[in-house]
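Here is the structure we will look at.
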Amino acid sequence: MPGLGDERRRLMTHDSLHIPDDGRRPIRCQRVLGALAAVRREVFLPEDLRHRWAEDRPLPIGHGQTISQPYVVGIMLELLEVNGGRVLEIGAGCGYQAAL
């Protein structure tokens with residue numbers, strides 16, 4: 001059943017990433033946008049920061065590390081142009097990008 005979080009996720013993905021209003025290059029790949037909308041970023045965050053999942057900024061995940069901002073992750077995935085096969089990610093951190 002769709003909830004408020006689903007609408008926030010759609011708006012974050014569409015408005016912030018597909019049609020950015022700050023001069024950034026838009027993410028155009030529908031597969032990347034779909035993955036960003038489907039993978040729940042909050043499960044990769046410490047519990048006390050999960051309410052900040054929709055912020056398009058890096059967030060601390062502990063041990064001096066951060067989870068990358070969705071826009072940067074999206075651009076990297078789009079430029080990678082994965083069309084099947086396998087990708088080995090070295091230094092996957094919390095696993096957010098690998099999950100996408």
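In the structure tokens, chains take the letters A, B, ... in the order shown, each chain's residues start at 1, and ligands count up from 1 in the order shown.
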
In region 65-97 of chain A, DSSP alpha helix (DSSP H) residues written as a list in words: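 Those in region 65-97 of chain A that DSSP calls alpha helix (DSSP H) are Pro70, Tyr71, Val72, Val73, Gly74, Ile75, Met76, Leu77, Glu78, Leu79, Leu80, Tyr96 and Gln97 of chain A.
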
Pull C-alpha atoms from the residues just selected and write them as a PDB file, in the first residue's frame.
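part-v9.pdb written:
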ATOM      1  CA  PRO A  70      21.353  10.529  -4.406  1.00  0.00           C
ATOM      2  CA  TYR A  71      22.207  12.916  -7.252  1.00  0.00           C
ATOM      3  CA  VAL A  72      25.898  11.928  -7.291  1.00  0.00           C
ATOM      4  CA  VAL A  73      25.054   8.226  -7.082  1.00  0.00           C
ATOM      5  CA  GLY A  74      22.515   8.621  -9.900  1.00  0.00           C
ATOM      6  CA  ILE A  75      24.953  10.433 -12.198  1.00  0.00           C
ATOM      7  CA  MET A  76      27.648   7.799 -11.556  1.00  0.00           C
ATOM      8  CA  LEU A  77      25.210   4.994 -12.369  1.00  0.00           C
ATOM      9  CA  GLU A  78      23.961   6.754 -15.484  1.00  0.00           C
ATOM     10  CA  LEU A  79      27.512   7.327 -16.766  1.00  0.00           C
ATOM     11  CA  LEU A  80      28.390   3.690 -16.055  1.00  0.00           C
ATOM     12  CA  TYR A  96      23.564   1.823  -1.158  1.00  0.00           C
ATOM     13  CA  GLN A  97      25.066   2.226  -4.621  1.00  0.00           C
TER      14      GLN A  97
END

Strand (DSSP E or B) call set, DSSP backbone run, chain A, as a ChimeraX atom specification: /A:59-62,65-67

Next, write the just-selected residues to a file, as an mmCIF file, in the first residue's frame, keeping N, CA, C and O atoms as the atom set.
data_model
loop_
_atom_site.group_PDB
_atom_site.id
_atom_site.type_symbol
_atom_site.label_atom_id
_atom_site.label_comp_id
_atom_site.auth_asym_id
_atom_site.auth_seq_id
_atom_site.Cartn_x
_atom_site.Cartn_y
_atom_site.Cartn_z
ATOM 1 N N LEU A 59 25.250 11.931 3.945
ATOM 2 C CA LEU A 59 24.884 11.827 5.355
ATOM 3 C C LEU A 59 25.855 10.871 6.040
ATOM 4 O O LEU A 59 26.286 9.888 5.450
ATOM 5 N N PRO A 60 26.203 11.143 7.308
ATOM 6 C CA PRO A 60 27.140 10.284 8.022
ATOM 7 C C PRO A 60 26.550 8.908 8.311
ATOM 8 O O PRO A 60 25.367 8.789 8.628
ATOM 9 N N ILE A 61 27.390 7.890 8.155
ATOM 10 C CA ILE A 61 26.936 6.524 8.453
ATOM 11 C C ILE A 61 27.804 5.882 9.531
ATOM 12 O O ILE A 61 27.660 4.702 9.816
ATOM 13 N N GLY A 62 28.703 6.650 10.117
ATOM 14 C CA GLY A 62 29.568 6.145 11.173
ATOM 15 C C GLY A 62 30.985 5.911 10.696
ATOM 16 O O GLY A 62 31.252 5.833 9.492
ATOM 17 N N GLN A 65 32.597 7.864 7.780
ATOM 18 C CA GLN A 65 32.137 7.605 6.409
ATOM 19 C C GLN A 65 30.776 8.255 6.173
ATOM 20 O O GLN A 65 30.048 8.557 7.108
ATOM 21 N N THR A 66 30.444 8.437 4.908
ATOM 22 C CA THR A 66 29.138 8.980 4.543
ATOM 23 C C THR A 66 28.488 8.126 3.462
ATOM 24 O O THR A 66 29.170 7.426 2.723
ATOM 25 N N ILE A 67 27.169 8.221 3.389
ATOM 26 C CA ILE A 67 26.419 7.686 2.258
ATOM 27 C C ILE A 67 26.338 8.843 1.262
ATOM 28 O O ILE A 67 26.060 9.988 1.638
#

Two-atom distance - CA of Cys94 (chain A), CA of Pro58 (chain A) (Å):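 So the answer is 12.3 Å.
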
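Checking A:Arg24, A:Asn83, A:Pro46, A:Ala37 one by one against His63 (chain A), counting only C-alpha atoms, you find the shortest gap at A:Pro46.
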
Spatial neighbours of Arg9 (chain A), max dist 10 Å, only C-alpha atoms, sep filter under 6 positions, as a PyMOL selection string: chain A and resi 15+36-41+53-54

Can you spit out the residues from that selection as an mmCIF file, in the first residue's frame, using all heavy atoms?
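The resulting again.cif:
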data_model
loop_
_atom_site.group_PDB
_atom_site.id
_atom_site.type_symbol
_atom_site.label_atom_id
_atom_site.label_comp_id
_atom_site.auth_asym_id
_atom_site.auth_seq_id
_atom_site.Cartn_x
_atom_site.Cartn_y
_atom_site.Cartn_z
ATOM 1 N N ASP A 15 11.712 15.428 -9.054
ATOM 2 C CA ASP A 15 11.985 16.863 -8.991
ATOM 3 C C ASP A 15 13.459 17.186 -8.791
ATOM 4 O O ASP A 15 14.012 18.035 -9.470
ATOM 5 C CB ASP A 15 11.171 17.514 -7.869
ATOM 6 C CG ASP A 15 9.675 17.443 -8.129
ATOM 7 O OD1 ASP A 15 9.278 17.049 -9.242
ATOM 8 O OD2 ASP A 15 8.906 17.763 -7.215
ATOM 9 N N LEU A 36 16.492 4.535 -8.113
ATOM 10 C CA LEU A 36 16.553 5.511 -7.031
ATOM 11 C C LEU A 36 15.211 5.644 -6.315
ATOM 12 O O LEU A 36 15.166 5.893 -5.111
ATOM 13 C CB LEU A 36 17.013 6.870 -7.555
ATOM 14 C CG LEU A 36 18.500 6.955 -7.915
ATOM 15 C CD1 LEU A 36 18.772 8.154 -8.787
ATOM 16 C CD2 LEU A 36 19.346 6.990 -6.653
ATOM 17 N N ALA A 37 14.140 5.473 -7.042
ATOM 18 C CA ALA A 37 12.809 5.541 -6.426
ATOM 19 C C ALA A 37 12.472 4.258 -5.675
ATOM 20 O O ALA A 37 11.756 4.288 -4.677
ATOM 21 C CB ALA A 37 11.752 5.821 -7.489
ATOM 22 N N ALA A 38 13.004 3.139 -6.126
ATOM 23 C CA ALA A 38 12.636 1.841 -5.548
ATOM 24 C C ALA A 38 13.485 1.445 -4.334
ATOM 25 O O ALA A 38 12.981 0.836 -3.396
ATOM 26 C CB ALA A 38 12.741 0.751 -6.611
ATOM 27 N N VAL A 39 14.774 1.770 -4.364
ATOM 28 C CA VAL A 39 15.667 1.365 -3.274
ATOM 29 C C VAL A 39 15.524 2.362 -2.130
ATOM 30 O O VAL A 39 15.721 3.553 -2.303
ATOM 31 C CB VAL A 39 17.132 1.278 -3.762
ATOM 32 C CG1 VAL A 39 18.068 0.989 -2.596
ATOM 33 C CG2 VAL A 39 17.259 0.205 -4.829
ATOM 34 N N ARG A 40 15.189 1.864 -0.988
ATOM 35 C CA ARG A 40 14.909 2.692 0.187
ATOM 36 C C ARG A 40 16.220 3.113 0.851
ATOM 37 O O ARG A 40 16.804 2.352 1.611
ATOM 38 C CB ARG A 40 14.008 1.940 1.140
ATOM 39 C CG ARG A 40 12.674 1.544 0.472
ATOM 40 C CD ARG A 40 11.800 0.754 1.383
ATOM 41 N NE ARG A 40 11.389 1.516 2.538
ATOM 42 C CZ ARG A 40 10.306 2.301 2.604
ATOM 43 N NH1 ARG A 40 9.518 2.384 1.562
ATOM 44 N NH2 ARG A 40 10.023 2.967 3.691
ATOM 45 N N ARG A 41 16.647 4.332 0.570
ATOM 46 C CA ARG A 41 17.911 4.855 1.094
ATOM 47 C C ARG A 41 17.960 4.806 2.621
ATOM 48 O O ARG A 41 19.013 4.596 3.217
ATOM 49 C CB ARG A 41 18.098 6.290 0.598
ATOM 50 C CG ARG A 41 19.425 6.915 0.970
ATOM 51 C CD ARG A 41 19.518 8.312 0.380
ATOM 52 N NE ARG A 41 20.828 8.905 0.600
ATOM 53 C CZ ARG A 41 21.017 10.132 1.044
ATOM 54 N NH1 ARG A 41 19.972 10.904 1.307
ATOM 55 N NH2 ARG A 41 22.219 10.603 1.219
ATOM 56 N N TRP A 53 16.382 10.706 4.984
ATOM 57 C CA TRP A 53 16.705 9.937 3.785
ATOM 58 C C TRP A 53 16.509 10.714 2.490
ATOM 59 O O TRP A 53 17.213 10.496 1.514
ATOM 60 C CB TRP A 53 15.884 8.648 3.741
ATOM 61 C CG TRP A 53 14.418 8.879 3.559
ATOM 62 C CD1 TRP A 53 13.492 8.979 4.554
ATOM 63 C CD2 TRP A 53 13.715 9.060 2.342
ATOM 64 N NE1 TRP A 53 12.253 9.211 4.027
ATOM 65 C CE2 TRP A 53 12.357 9.270 2.655
ATOM 66 C CE3 TRP A 53 14.092 9.071 0.999
ATOM 67 C CZ2 TRP A 53 11.389 9.492 1.693
ATOM 68 C CZ3 TRP A 53 13.122 9.290 0.033
ATOM 69 C CH2 TRP A 53 11.792 9.492 0.388
ATOM 70 N N ALA A 54 15.553 11.631 2.437
ATOM 71 C CA ALA A 54 15.233 12.324 1.186
ATOM 72 C C ALA A 54 16.148 13.513 0.904
ATOM 73 O O ALA A 54 16.069 14.096 -0.169
ATOM 74 C CB ALA A 54 13.778 12.790 1.198
#

Two-atom distance - CA of Asp48 (chain A), CA of Pro20 (chain A) (Å):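 Computing the Euclidean distance for CA of Asp48 (chain A) and CA of Pro20 (chain A) yields 27.9 Å.
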
Distance criterion (only C-alpha atoms): nearest to Asp56 (chain A) out of A:Ile27, A:Arg86, A:Ser68, A:Val32: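 Between A:Ile27, A:Arg86, A:Ser68, A:Val32, the residue approaching Asp56 (chain A) most closely is A:Ser68.
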